[in-house]
file my_file-v1.tsv (TSV, C-alpha atoms and all ligand atoms)
chain	number	residue	atom	x	y	z
A	1016	MET	CA	-12.83	14.25	-29.28
A	1017	MET	CA	-11.48	13.05	-25.94
A	1018	THR	CA	-12.07	9.42	-25.00
A	1019	GLU	CA	-11.67	9.94	-21.21
A	1020	LYS	CA	-13.81	12.05	-18.86
A	1021	HIS	CA	-11.01	12.86	-16.40
A	1022	LEU	CA	-7.25	13.49	-16.64
A	1023	LEU	CA	-5.77	11.55	-13.72
A	1024	GLY	CA	-2.43	10.42	-15.16
A	1025	LEU	CA	-0.63	9.54	-18.39
A	1026	GLU	CA	-0.19	5.83	-17.58
A	1027	GLY	CA	-2.38	4.13	-20.18
A	1028	TYR	CA	-3.74	7.47	-21.37
A	1029	PRO	CA	-4.46	7.30	-25.13
A	1030	ALA	CA	-1.72	8.82	-27.31
A	1031	GLU	CA	-4.36	10.38	-29.59
A	1032	ASN	CA	-5.78	12.32	-26.62
A	1033	ILE	CA	-2.31	13.69	-25.77
A	1034	GLU	CA	-1.77	14.67	-29.43
A	1035	THR	CA	-5.19	16.37	-29.59
A	1036	ILE	CA	-4.39	18.35	-26.42
A	1037	ILE	CA	-1.00	19.45	-27.79
A	1038	ASP	CA	-2.44	20.47	-31.19
A	1039	THR	CA	-5.23	22.41	-29.46
A	1040	ALA	CA	-2.69	24.03	-27.12
A	1041	PHE	CA	-0.74	25.46	-30.07
A	1042	GLY	CA	-3.96	27.22	-31.10
A	1043	PHE	CA	-4.31	28.69	-27.62
A	1044	ARG	CA	-0.65	29.83	-27.71
A	1045	GLU	CA	-1.75	32.19	-30.50
A	1046	VAL	CA	-4.57	33.52	-28.29
A	1047	LEU	CA	-1.94	34.28	-25.61
A	1048	GLU	CA	-0.01	36.44	-28.11
A	1049	ARG	CA	-3.05	38.66	-28.83
A	1050	PRO	CA	-3.60	42.09	-27.21
A	1051	ILE	CA	-6.85	40.71	-25.67
A	1052	LYS	CA	-5.93	37.24	-24.44
A	1053	LYS	CA	-9.42	35.96	-23.82
A	1054	VAL	CA	-11.98	33.76	-25.62
A	1055	PRO	CA	-15.56	32.89	-24.57
A	1056	SER	CA	-15.12	29.09	-24.92
A	1057	LEU	CA	-15.98	28.13	-21.31
A	1058	GLN	CA	-18.48	30.91	-20.52
A	1059	GLY	CA	-20.96	29.58	-17.93
A	1060	LYS	CA	-18.65	26.81	-16.66
A	1061	THR	CA	-17.44	26.85	-13.04
A	1062	ILE	CA	-14.10	25.32	-12.05
A	1063	VAL	CA	-12.69	24.84	-8.54
A	1064	ASN	CA	-8.96	24.72	-7.93
A	1065	LEU	CA	-8.61	22.47	-4.89
A	1066	PHE	CA	-5.07	22.70	-3.57
A	1067	TYR	CA	-4.01	20.64	-0.55
A	1068	GLU	CA	-0.31	21.25	-1.29
A	1069	ASN	CA	1.76	24.31	-2.22
A	1070	SER	CA	2.10	25.43	-5.83
A	1071	THR	CA	3.15	28.48	-7.81
A	1072	ARG	CA	3.21	27.55	-11.53
A	1073	THR	CA	0.44	24.93	-11.67
A	1074	ARG	CA	-2.04	26.90	-9.60
A	1075	ILE	CA	-1.50	30.26	-11.29
A	1076	SER	CA	-1.46	28.78	-14.80
A	1077	PHE	CA	-4.69	26.83	-14.19
A	1078	GLU	CA	-6.38	29.95	-12.83
A	1079	LEU	CA	-5.09	32.03	-15.73
A	1080	ALA	CA	-6.18	29.34	-18.23
A	1081	GLN	CA	-9.69	29.37	-16.73
A	1082	LYS	CA	-9.90	33.17	-16.87
A	1083	ARG	CA	-8.57	33.23	-20.48
A	1084	LEU	CA	-11.39	30.80	-21.40
A	1085	SER	CA	-14.01	32.97	-19.60
A	1086	ALA	CA	-14.86	30.27	-17.00
A	1087	ASP	CA	-15.80	31.18	-13.42
A	1088	THR	CA	-12.99	30.19	-11.13
A	1089	ILE	CA	-12.91	29.44	-7.38
A	1090	ASN	CA	-9.70	28.84	-5.44
A	1091	PHE	CA	-9.70	26.52	-2.44
A	1092	SER	CA	-6.68	26.27	-0.20
A	1093	ALA	CA	-6.82	23.48	2.41
A	1094	SER	CA	-4.76	25.56	4.86
A	1095	SER	CA	-7.45	28.28	5.09
A	1096	SER	CA	-10.53	25.99	4.91
A	1097	SER	CA	-12.71	23.97	7.31
A	1098	VAL	CA	-10.31	21.05	6.76
A	1099	ASN	CA	-8.51	22.69	9.69
A	1100	LYS	CA	-11.65	22.14	11.82
A	1101	GLY	CA	-11.58	18.42	11.01
A	1102	GLU	CA	-13.89	18.29	7.97
A	1103	SER	CA	-13.24	15.15	5.94
A	1104	PHE	CA	-12.08	15.02	2.33
A	1105	LYS	CA	-15.40	13.46	1.26
A	1106	ASP	CA	-17.54	16.10	3.03
A	1107	THR	CA	-15.36	18.90	1.66
A	1108	VAL	CA	-15.66	17.83	-1.98
A	1109	GLN	CA	-19.35	16.90	-1.77
A	1110	ASN	CA	-20.16	20.33	-0.28
A	1111	ILE	CA	-18.20	22.03	-3.04
A	1112	GLU	CA	-19.97	19.99	-5.73
A	1113	ALA	CA	-23.38	20.81	-4.23
A	1114	MET	CA	-22.70	24.42	-5.31
A	1115	LYS	CA	-23.03	23.27	-8.98
A	1116	ILE	CA	-19.52	23.16	-10.31
A	1117	ASP	CA	-18.33	21.56	-13.56
A	1118	ALA	CA	-14.72	20.60	-12.86
A	1119	ILE	CA	-12.21	20.20	-10.03
A	1120	VAL	CA	-8.48	20.71	-10.51
A	1121	MET	CA	-6.80	19.05	-7.54
A	1122	ARG	CA	-3.29	18.90	-6.08
A	1123	HIS	CA	-2.93	16.56	-3.12
A	1124	PRO	CA	0.05	15.06	-1.22
A	1125	HIS	CA	-1.40	11.53	-1.37
A	1126	PRO	CA	-0.91	9.36	-4.49
A	1127	GLY	CA	-4.31	8.31	-5.87
A	1128	ALA	CA	-6.31	11.15	-4.26
A	1129	PRO	CA	-7.71	12.41	-7.64
A	1130	LEU	CA	-8.92	8.88	-8.50
A	1131	HIS	CA	-10.52	8.70	-5.02
A	1132	LEU	CA	-12.22	12.05	-5.72
A	1133	THR	CA	-13.91	10.66	-8.87
A	1134	LYS	CA	-15.83	8.23	-6.61
A	1135	PHE	CA	-17.54	11.13	-4.77
A	1136	VAL	CA	-18.29	13.69	-7.49
A	1137	ASP	CA	-19.77	13.86	-11.01
A	1138	ALA	CA	-17.56	16.81	-11.99
A	1139	VAL	CA	-14.59	16.41	-14.34
A	1140	VAL	CA	-11.43	15.80	-12.27
A	1141	ILE	CA	-7.98	16.98	-13.36
A	1142	ASN	CA	-4.90	15.87	-11.42
A	1143	ALA	CA	-2.59	18.82	-10.72
A	1144	GLY	CA	-0.05	16.55	-8.95
A	1145	ASP	CA	-0.73	13.73	-6.47
A	1146	GLY	CA	2.19	13.08	-4.13
A	1147	THR	CA	4.98	11.12	-5.82
A	1148	HIS	CA	2.56	9.56	-8.33
A	1149	GLU	CA	1.70	11.66	-11.43
A	1150	HIS	CA	1.62	15.24	-12.71
A	1151	PRO	CA	0.01	14.74	-16.12
A	1152	THR	CA	-0.51	18.41	-17.05
A	1153	GLN	CA	3.20	19.13	-16.39
A	1154	ALA	CA	4.18	16.25	-18.71
A	1155	ILE	CA	1.81	17.53	-21.41
A	1156	LEU	CA	3.31	21.02	-21.25
A	1157	ASP	CA	6.79	19.45	-21.40
A	1158	LEU	CA	5.76	17.42	-24.48
A	1159	MET	CA	4.32	20.55	-26.07
A	1160	SER	CA	7.60	22.42	-25.38
A	1161	LEU	CA	9.64	19.61	-26.98
A	1162	LYS	CA	7.34	19.61	-30.02
A	1163	GLU	CA	7.57	23.39	-30.27
A	1164	HIS	CA	11.37	23.23	-30.23
A	1165	PHE	CA	12.05	20.11	-32.34
A	1166	GLY	CA	8.86	19.92	-34.44
A	1167	LYS	CA	8.29	16.30	-33.32
A	1168	ILE	CA	8.40	13.96	-30.33
A	1169	LYS	CA	8.72	10.54	-32.02
A	1170	GLY	CA	12.38	9.46	-32.05
A	1171	LEU	CA	13.59	12.29	-29.76
A	1172	LYS	CA	16.21	11.31	-27.16
A	1173	VAL	CA	15.30	12.73	-23.75
A	1174	GLY	CA	17.34	12.41	-20.54
A	1175	ILE	CA	15.54	12.82	-17.22
A	1176	ILE	CA	18.11	13.73	-14.58
A	1177	GLY	CA	17.91	13.58	-10.79
A	1178	ASP	CA	15.47	12.48	-8.14
A	1179	ILE	CA	13.36	10.01	-10.14
A	1180	SER	CA	12.01	8.19	-7.06
A	1181	HIS	CA	10.13	11.17	-5.65
A	1182	SER	CA	9.16	12.80	-8.94
A	1183	ARG	CA	5.59	12.75	-10.26
A	1184	VAL	CA	6.93	14.87	-13.14
A	1185	ALA	CA	9.35	12.05	-14.08
A	1186	LEU	CA	6.68	9.35	-14.01
A	1187	SER	CA	4.18	11.31	-16.12
A	1188	ASN	CA	6.95	12.34	-18.54
A	1189	ILE	CA	8.08	8.71	-18.91
A	1190	HIS	CA	4.54	7.52	-19.75
A	1191	GLY	CA	3.91	10.42	-22.14
A	1192	LEU	CA	7.28	10.29	-23.92
A	1193	ILE	CA	7.29	6.50	-24.38
A	1194	ASN	CA	3.66	6.61	-25.53
A	1195	LEU	CA	4.51	9.17	-28.23
A	1196	GLY	CA	7.60	7.27	-29.44
A	1197	ALA	CA	10.49	9.15	-27.76
A	1198	LYS	CA	13.52	7.38	-26.25
A	1199	VAL	CA	14.11	8.01	-22.55
A	1200	THR	CA	17.19	7.60	-20.36
A	1201	LEU	CA	16.96	8.19	-16.60
A	1202	CYS	CA	20.04	9.33	-14.71
A	1203	GLY	CA	20.69	9.94	-11.02
A	1204	PRO	CA	22.12	8.34	-7.88
A	1205	PRO	CA	21.11	4.65	-7.61
A	1206	THR	CA	19.26	5.50	-4.36
A	1207	LEU	CA	16.98	7.89	-6.29
A	1208	ILE	CA	16.07	5.54	-9.17
A	1209	PRO	CA	13.37	2.93	-8.39
A	1210	LYS	CA	14.32	-0.68	-9.15
A	1211	TYR	CA	11.19	-1.48	-11.23
A	1212	ILE	CA	11.39	1.52	-13.51
A	1213	GLU	CA	13.15	-0.15	-16.49
A	1214	LYS	CA	9.94	-2.12	-17.05
A	1215	LEU	CA	8.40	1.13	-18.32
A	1216	GLY	CA	10.69	0.98	-21.39
A	1217	VAL	CA	13.41	3.43	-20.27
A	1218	ASN	CA	17.19	3.09	-20.07
A	1219	ILE	CA	19.15	3.81	-16.89
A	1220	SER	CA	22.53	5.51	-16.65
A	1221	TYR	CA	24.53	6.66	-13.64
A	1222	ASN	CA	26.81	8.86	-15.77
A	1223	VAL	CA	25.31	12.28	-16.51
A	1224	ASP	CA	28.00	13.14	-19.10
A	1225	GLU	CA	27.11	10.05	-21.15
A	1226	VAL	CA	23.44	11.03	-21.05
A	1227	MET	CA	24.24	14.61	-22.10
A	1228	ASP	CA	26.27	13.23	-25.05
A	1229	TRP	CA	23.36	11.02	-26.12
A	1230	ALA	CA	20.34	13.28	-25.54
A	1231	ASP	CA	18.61	15.94	-27.66
A	1232	ALA	CA	17.09	17.41	-24.48
A	1233	ILE	CA	17.42	16.88	-20.74
A	1234	ASN	CA	14.72	17.48	-18.14
A	1235	VAL	CA	16.45	18.34	-14.86
A	1236	LEU	CA	14.50	17.49	-11.70
A	1237	ARG	CA	14.44	19.14	-8.31
A	1238	ILE	CA	16.00	17.27	-5.41
A	1239	GLN	CA	12.92	16.84	-3.18
A	1240	MET	CA	14.43	17.07	0.29
A	1241	GLU	CA	10.94	17.40	1.85
A	1242	ARG	CA	9.93	13.93	0.61
A	1243	MET	CA	13.14	12.09	1.50
A	1244	GLY	CA	13.07	11.72	5.28
A	1245	VAL	CA	16.58	10.32	5.74
A	1246	GLY	CA	19.24	11.53	3.30
A	1247	LEU	CA	19.50	9.36	0.17
A	1248	PHE	CA	22.83	10.86	-0.92
A	1249	PRO	CA	25.79	12.10	1.14
A	1250	SER	CA	25.56	15.85	0.48
A	1251	THR	CA	24.17	18.40	-1.97
A	1252	ARG	CA	27.79	19.29	-2.80
A	1253	GLU	CA	28.53	15.71	-3.86
A	1254	TYR	CA	25.23	15.57	-5.78
A	1255	ARG	CA	26.18	18.74	-7.67
A	1256	ASN	CA	29.64	17.33	-8.49
A	1257	LEU	CA	28.26	14.03	-9.83
A	1258	PHE	CA	24.89	14.97	-11.36
A	1259	GLY	CA	24.53	18.77	-11.33
A	1260	ILE	CA	24.06	20.48	-14.70
A	1261	THR	CA	26.89	22.94	-14.23
A	1262	HIS	CA	28.20	25.52	-16.70
A	1263	GLU	CA	31.53	23.61	-16.96
A	1264	ARG	CA	29.76	20.31	-17.64
A	1265	LEU	CA	27.49	21.84	-20.31
A	1266	ASN	CA	30.47	23.50	-22.04
A	1267	LYS	CA	32.27	20.13	-22.29
A	1268	HIS	CA	29.51	18.92	-24.61
A	1269	ASN	CA	29.92	20.58	-27.96
A	1270	LYS	CA	26.22	20.58	-28.87
A	1271	LYS	CA	23.03	22.61	-28.47
A	1272	LEU	CA	21.48	20.43	-25.79
A	1273	VAL	CA	18.03	21.71	-24.79
A	1274	ILE	CA	17.66	22.19	-21.02
A	1275	MET	CA	14.29	21.82	-19.29
A	1276	HIS	CA	13.25	22.07	-15.65
A	1277	PRO	CA	9.68	21.86	-14.28
A	1278	GLY	CA	10.45	24.24	-11.38
A	1279	PRO	CA	10.84	25.11	-8.61
A	1280	MET	CA	14.62	25.01	-9.09
A	1281	ASN	CA	17.35	24.51	-6.50
A	1282	ARG	CA	19.87	26.80	-8.23
A	1283	GLY	CA	23.41	25.66	-7.46
A	1284	VAL	CA	22.32	22.08	-6.66
A	1285	GLU	CA	20.74	20.25	-9.63
A	1286	ILE	CA	21.27	23.17	-12.03
A	1287	ASP	CA	23.57	26.19	-12.12
A	1288	SER	CA	22.08	29.66	-12.46
A	1289	ASN	CA	24.00	30.43	-15.64
A	1290	VAL	CA	22.67	27.20	-17.21
A	1291	ALA	CA	19.07	27.88	-16.12
A	1292	ASP	CA	19.30	31.41	-17.53
A	1293	SER	CA	21.14	30.43	-20.73
A	1294	GLU	CA	19.75	30.41	-24.30
A	1295	GLN	CA	19.78	26.62	-24.24
A	1296	ALA	CA	17.20	26.57	-21.43
A	1297	ILE	CA	13.51	26.59	-22.44
A	1298	ILE	CA	12.28	26.75	-18.84
A	1299	LEU	CA	10.20	29.92	-19.23
A	1300	ASP	CA	8.76	28.63	-22.55
A	1301	GLN	CA	7.59	25.61	-20.53
A	1302	VAL	CA	5.80	27.99	-18.14
A	1303	LEU	CA	3.98	29.81	-20.96
A	1304	ASN	CA	3.10	26.49	-22.60
A	1305	GLY	CA	1.66	25.48	-19.23
A	1306	VAL	CA	-1.08	28.11	-19.63
A	1307	ALA	CA	-1.79	27.09	-23.25
A	1308	SER	CA	-1.85	23.36	-22.55
A	1309	ARG	CA	-4.07	23.79	-19.46
A	1310	MET	CA	-6.42	25.91	-21.58
A	1311	ALA	CA	-6.53	23.03	-24.10
A	1312	ILE	CA	-7.18	20.41	-21.40
A	1313	LEU	CA	-10.02	22.41	-19.83
A	1314	TYR	CA	-11.51	23.26	-23.22
A	1315	LEU	CA	-11.46	19.65	-24.44
A	1316	LEU	CA	-12.69	18.05	-21.20
A	1317	LEU	CA	-15.44	20.61	-20.60
A	1318	GLY	CA	-16.75	20.61	-24.18
A	1319	GLY	CA	-15.85	24.21	-24.91
A	1320	LYS	CA	-17.47	26.17	-27.71
A	1321	GLN	CA	-15.43	26.97	-30.86
A	1322	GLU	CA	-14.45	30.61	-31.25
A	1323	GLU	CA	-16.53	32.39	-33.93
A	1324	ASN	CA	-14.53	34.46	-36.43
A	1401	LIG	N1	6.11	22.43	-11.83
A	1401	LIG	C1	5.25	22.57	-10.79
A	1401	LIG	O1	4.36	21.72	-10.56
A	1401	LIG	O2	5.44	23.70	-10.08
A	1401	LIG	P1	4.53	24.17	-8.83
A	1401	LIG	O3	4.77	23.18	-7.72
A	1401	LIG	O4	5.00	25.55	-8.50
A	1401	LIG	O5	3.10	24.13	-9.28

call {"tool": "encode", "arguments": {"input": "my_file-v1.tsv", "output": "structure tokens"}}
result
Amino acid sequence: MMTEKHLLGLEGYPAENIETIIDTAFGFREVLERPIKKVPSLQGKTIVNLFYENSTRTRISFELAQKRLSADTINFSASSSSVNKGESFKDTVQNIEAMKIDAIVMRHPHPGAPLHLTKFVDAVVINAGDGTHEHPTQAILDLMSLKEHFGKIKGLKVGIIGDISHSRVALSNIHGLINLGAKVTLCGPPTLIPKYIEKLGVNISYNVDEVMDWADAINVLRIQMERMGVGLFPSTREYRNLFGITHERLNKHNKKLVIMHPGPMNRGVEIDSNVADSEQAIILDQVLNGVASRMAILYLLLGGKQEEN
């Protein structure tokens, strides 16, 4: 049973809920391996995917998860809606809810927008990324991928490398990993690591080689040029030299370090192509686990029916 109606972020989110989602997601991974990858669990439920910001993985995997669970699915893109005629956020969501929907999956550029949405609608709200704040479903699929690979999360040593300041993936991963008993070290240029962040129970390092020596897995983040305004480091070339996960750097470390990346990747900047495509990378496993974990989240929050054998 889930103790929360919505999934807005992993800060303060109960560990037992995260564990229930991950355990349920492993069950749905099996469904995804079947010839017919569909169960009737959410038949009769209607879910709207409300995207005010671009997405490839999150949007497609939510839509696929909804279809695999037999829910009815509606896609809303702000760029092709009446938002462009000046309709407010409140009017938009209240009109959508008036059509009798059960859940809204929302991505929005403003931190806190999903919480704001819960004030206007009775539907279940799932945060699919709100600005630089949180991306809880990405963190859950990352946790599932770590558990799949290592068989546990408690005690794992995870490095999060790169643009921590602008990363909702980093913040949700920090809350989820610490909550489930992993050890976390953040690494990147000082200008891309917020000053307060150690209070969340993480370590900070400015030396990526030290972190790679220490870690069982590293989660490599995209440099988010679009959120930076003025440059916060001298050049992408210097960034790659100091913090990039290059083939040469990985080969220096005589260990099977697991490489993760939430996507989209800047190949040749934060990660080299031959690292991203190597056997040590579990990036495409993360993508598949994204469908399974989003199926689990929708199923658990919408009170899905058990499959009959
Ligand atoms: N990882 C992630 O959120 O990717 P998208 O922006 O493509 O959804």

call {"tool": "residues_near_ligand", "arguments": {"input": "my_file-v1.tsv", "ligand": "ligand LIG 1401 (chain A)", "cutoff": "12 Å", "atoms": "only C-alpha atoms and all ligand atoms", "output": "MDAnalysis selection string"}}
result
chainID A and resid 1066:1078 1121:1124 1142:1147 1149:1157 1182:1185 1187 1234:1237 1239 1275:1280 1298:1299 1301:1306

call {"tool": "closest_residue", "arguments": {"input": "my_file-v1.tsv", "among": "A:Gly1318, A:Pro1055, A:Gly1177, A:Pro1204", "to": "Asn1281 of chain A", "atoms": "all atoms listed in the file"}}
result
A:Gly1177

call {"tool": "residues_near_point", "arguments": {"input": "my_file-v1.tsv", "point": "(21.4, 24.1, -11.2)", "cutoff": "9 Å", "atoms": "all atoms listed in the file", "output": "list in words"}}
result
Val1235, Arg1255, Gly1259, Ile1260, Thr1261, His1262, Met1280, Asn1281, Arg1282, Gly1283, Val1284, Glu1285, Ile1286, Asp1287, Ser1288, Asn1289, Val1290 and Ala1291 of chain A

call {"tool": "atom_distance", "arguments": {"input": "my_file-v1.tsv", "atom1": "atom CA of Asp1228 of chain A", "atom2": "atom CA of Ala1296 of chain A"}}
result
16.5 Å

call {"tool": "residues_around", "arguments": {"input": "my_file-v1.tsv", "residues": "segment 1193-1197 of chain A", "least_positions_apart": "3", "cutoff": "7 Å", "atoms": "only C-alpha atoms", "output": "NGL selection string"}}
result
:A and (1030 or 1168-1172 or 1189-1190)

call {"tool": "residues_around", "arguments": {"input": "my_file-v1.tsv", "residues": "segment 1079-1088 of chain A", "least_positions_apart": "6", "cutoff": "10 Å", "atoms": "only C-alpha atoms", "output": "compact mmCIF listing (two decimals) with C-alpha atoms, in the coordinates of the input"}}
result
# COMPACT_ATOMS: atom_id res chain seq x y z
CA PHE A 1043 -4.31 28.69 -27.62
CA VAL A 1046 -4.57 33.52 -28.29
CA LEU A 1047 -1.94 34.28 -25.61
CA ILE A 1051 -6.85 40.71 -25.67
CA LYS A 1052 -5.93 37.24 -24.44
CA LYS A 1053 -9.42 35.96 -23.82
CA VAL A 1054 -11.98 33.76 -25.62
CA PRO A 1055 -15.56 32.89 -24.57
CA SER A 1056 -15.12 29.09 -24.92
CA LEU A 1057 -15.98 28.13 -21.31
CA GLN A 1058 -18.48 30.91 -20.52
CA GLY A 1059 -20.96 29.58 -17.93
CA LYS A 1060 -18.65 26.81 -16.66
CA THR A 1061 -17.44 26.85 -13.04
CA ILE A 1062 -14.10 25.32 -12.05
CA VAL A 1063 -12.69 24.84 -8.54
CA ASN A 1064 -8.96 24.72 -7.93
CA THR A 1073 0.44 24.93 -11.67
CA ILE A 1116 -19.52 23.16 -10.31
CA ASP A 1117 -18.33 21.56 -13.56
CA ALA A 1118 -14.72 20.60 -12.86
CA GLY A 1305 1.66 25.48 -19.23
CA VAL A 1306 -1.08 28.11 -19.63
CA ALA A 1307 -1.79 27.09 -23.25
CA SER A 1308 -1.85 23.36 -22.55
CA ARG A 1309 -4.07 23.79 -19.46
CA MET A 1310 -6.42 25.91 -21.58
CA ALA A 1311 -6.53 23.03 -24.10
CA ILE A 1312 -7.18 20.41 -21.40
CA LEU A 1313 -10.02 22.41 -19.83
CA TYR A 1314 -11.51 23.26 -23.22
CA GLY A 1319 -15.85 24.21 -24.91
CA LYS A 1320 -17.47 26.17 -27.71

call {"tool": "atom_distance", "arguments": {"input": "my_file-v1.tsv", "atom1": "atom CA of Phe1248 of chain A", "atom2": "atom CA of Glu1263 of chain A"}}
result
22.3 Å

call {"tool": "closest_residue", "arguments": {"input": "my_file-v1.tsv", "among": "A:Leu1186, A:Leu1207, A:Leu1192, A:Val1273", "to": "Met1227 of chain A", "atoms": "all atoms listed in the file"}}
result
A:Val1273

call {"tool": "atom_distance", "arguments": {"input": "my_file-v1.tsv", "atom1": "atom CA of Lys1198 of chain A", "atom2": "atom CA of Leu1023 of chain A"}}
result
23.4 Å

call {"tool": "closest_residue", "arguments": {"input": "my_file-v1.tsv", "among": "A:Arg1252, A:Leu1316, A:Cys1202, A:Lys1020", "to": "Leu1130 of chain A", "atoms": "only C-alpha atoms"}}
result
A:Lys1020

call {"tool": "residues_near_point", "arguments": {"input": "my_file-v1.tsv", "point": "(-10.1, 6.4, -17.7)", "cutoff": "12 Å", "atoms": "only C-alpha atoms", "output": "ChimeraX atom specification"}}
result
/A:1017-1029,1032,1129-1130,1133,1139-1141

call {"tool": "closest_residue", "arguments": {"input": "my_file-v1.tsv", "among": "A:Thr1107, A:Leu1247, A:His1181, A:Lys1162", "to": "Pro1126 of chain A", "atoms": "all atoms listed in the file"}}
result
A:His1181

call {"tool": "axis_aligned_box", "arguments": {"input": "my_file-v1.tsv", "around": "segment 1194-1213 of chain A", "padding_each_side": "3 Å", "output": "JSON"}}
result
{"center_x": 12.9, "center_y": 4.2, "center_z": -16.9, "size_x": 24.5, "size_y": 17.4, "size_z": 31.1}

call {"tool": "closest_residue", "arguments": {"input": "my_file-v1.tsv", "among": "A:Lys1105, A:Met1159, A:Lys1100, A:Glu1294", "to": "Ile1036 of chain A", "atoms": "all atoms listed in the file"}}
result
A:Met1159

call {"tool": "residues_around", "arguments": {"input": "my_file-v1.tsv", "residues": "segment 1217-1220 of chain A", "least_positions_apart": "6", "cutoff": "7 Å", "atoms": "only C-alpha atoms", "output": "PyMOL selection string"}}
result
chain A and resi 1199-1202

call {"tool": "closest_residue", "arguments": {"input": "my_file-v1.tsv", "among": "A:Ser1097, A:Glu1045, A:Leu1317, A:His1164", "to": "Ile1119 of chain A", "atoms": "all atoms listed in the file"}}
result
A:Leu1317

call {"tool": "build_atoms", "arguments": {"input": "my_file-v1.tsv", "residues": "segment 1290-1295 of chain A", "atoms": "all heavy atoms", "output": "PDB file, in the frame of the given file"}}
result
ATOM      1  N   VAL A1290      23.257  28.177 -16.282  1.00  0.00           N
ATOM      2  CA  VAL A1290      22.670  27.200 -17.210  1.00  0.00           C
ATOM      3  C   VAL A1290      21.159  27.466 -17.310  1.00  0.00           C
ATOM      4  O   VAL A1290      20.589  27.553 -18.406  1.00  0.00           O
ATOM      5  CB  VAL A1290      22.918  25.745 -16.740  1.00  0.00           C
ATOM      6  CG1 VAL A1290      22.172  24.752 -17.627  1.00  0.00           C
ATOM      7  CG2 VAL A1290      24.414  25.450 -16.728  1.00  0.00           C
ATOM      8  N   ALA A1291      20.518  27.642 -16.151  1.00  0.00           N
ATOM      9  CA  ALA A1291      19.070  27.880 -16.120  1.00  0.00           C
ATOM     10  C   ALA A1291      18.691  29.150 -16.890  1.00  0.00           C
ATOM     11  O   ALA A1291      17.612  29.223 -17.478  1.00  0.00           O
ATOM     12  CB  ALA A1291      18.581  27.975 -14.680  1.00  0.00           C
ATOM     13  N   ASP A1292      19.596  30.128 -16.878  1.00  0.00           N
ATOM     14  CA  ASP A1292      19.300  31.410 -17.530  1.00  0.00           C
ATOM     15  C   ASP A1292      19.892  31.506 -18.938  1.00  0.00           C
ATOM     16  O   ASP A1292      19.847  32.565 -19.564  1.00  0.00           O
ATOM     17  CB  ASP A1292      19.827  32.567 -16.665  1.00  0.00           C
ATOM     18  CG  ASP A1292      19.176  32.573 -15.282  1.00  0.00           C
ATOM     19  OD1 ASP A1292      18.031  32.095 -15.159  1.00  0.00           O
ATOM     20  OD2 ASP A1292      19.826  33.038 -14.316  1.00  0.00           O
ATOM     21  N   SER A1293      20.465  30.394 -19.432  1.00  0.00           N
ATOM     22  CA  SER A1293      21.140  30.430 -20.730  1.00  0.00           C
ATOM     23  C   SER A1293      20.149  30.302 -21.886  1.00  0.00           C
ATOM     24  O   SER A1293      18.981  29.962 -21.679  1.00  0.00           O
ATOM     25  CB  SER A1293      22.158  29.289 -20.826  1.00  0.00           C
ATOM     26  OG  SER A1293      21.470  28.051 -20.955  1.00  0.00           O
ATOM     27  N   GLU A1294      20.623  30.528 -23.107  1.00  0.00           N
ATOM     28  CA  GLU A1294      19.750  30.410 -24.300  1.00  0.00           C
ATOM     29  C   GLU A1294      19.346  28.974 -24.566  1.00  0.00           C
ATOM     30  O   GLU A1294      18.367  28.727 -25.274  1.00  0.00           O
ATOM     31  CB  GLU A1294      20.472  30.980 -25.519  1.00  0.00           C
ATOM     32  CG  GLU A1294      20.545  32.481 -25.486  1.00  0.00           C
ATOM     33  CD  GLU A1294      21.030  33.072 -26.778  1.00  0.00           C
ATOM     34  OE1 GLU A1294      21.489  32.312 -27.656  1.00  0.00           O
ATOM     35  OE2 GLU A1294      20.958  34.306 -26.893  1.00  0.00           O
ATOM     36  N   GLN A1295      20.123  28.034 -24.030  1.00  0.00           N
ATOM     37  CA  GLN A1295      19.780  26.620 -24.240  1.00  0.00           C
ATOM     38  C   GLN A1295      18.601  26.171 -23.371  1.00  0.00           C
ATOM     39  O   GLN A1295      18.012  25.136 -23.632  1.00  0.00           O
ATOM     40  CB  GLN A1295      20.990  25.722 -23.943  1.00  0.00           C
ATOM     41  CG  GLN A1295      22.010  25.744 -25.062  1.00  0.00           C
ATOM     42  CD  GLN A1295      23.284  25.035 -24.679  1.00  0.00           C
ATOM     43  OE1 GLN A1295      24.298  25.692 -24.446  1.00  0.00           O
ATOM     44  NE2 GLN A1295      23.248  23.725 -24.599  1.00  0.00           N
TER      45      GLN A1295
END
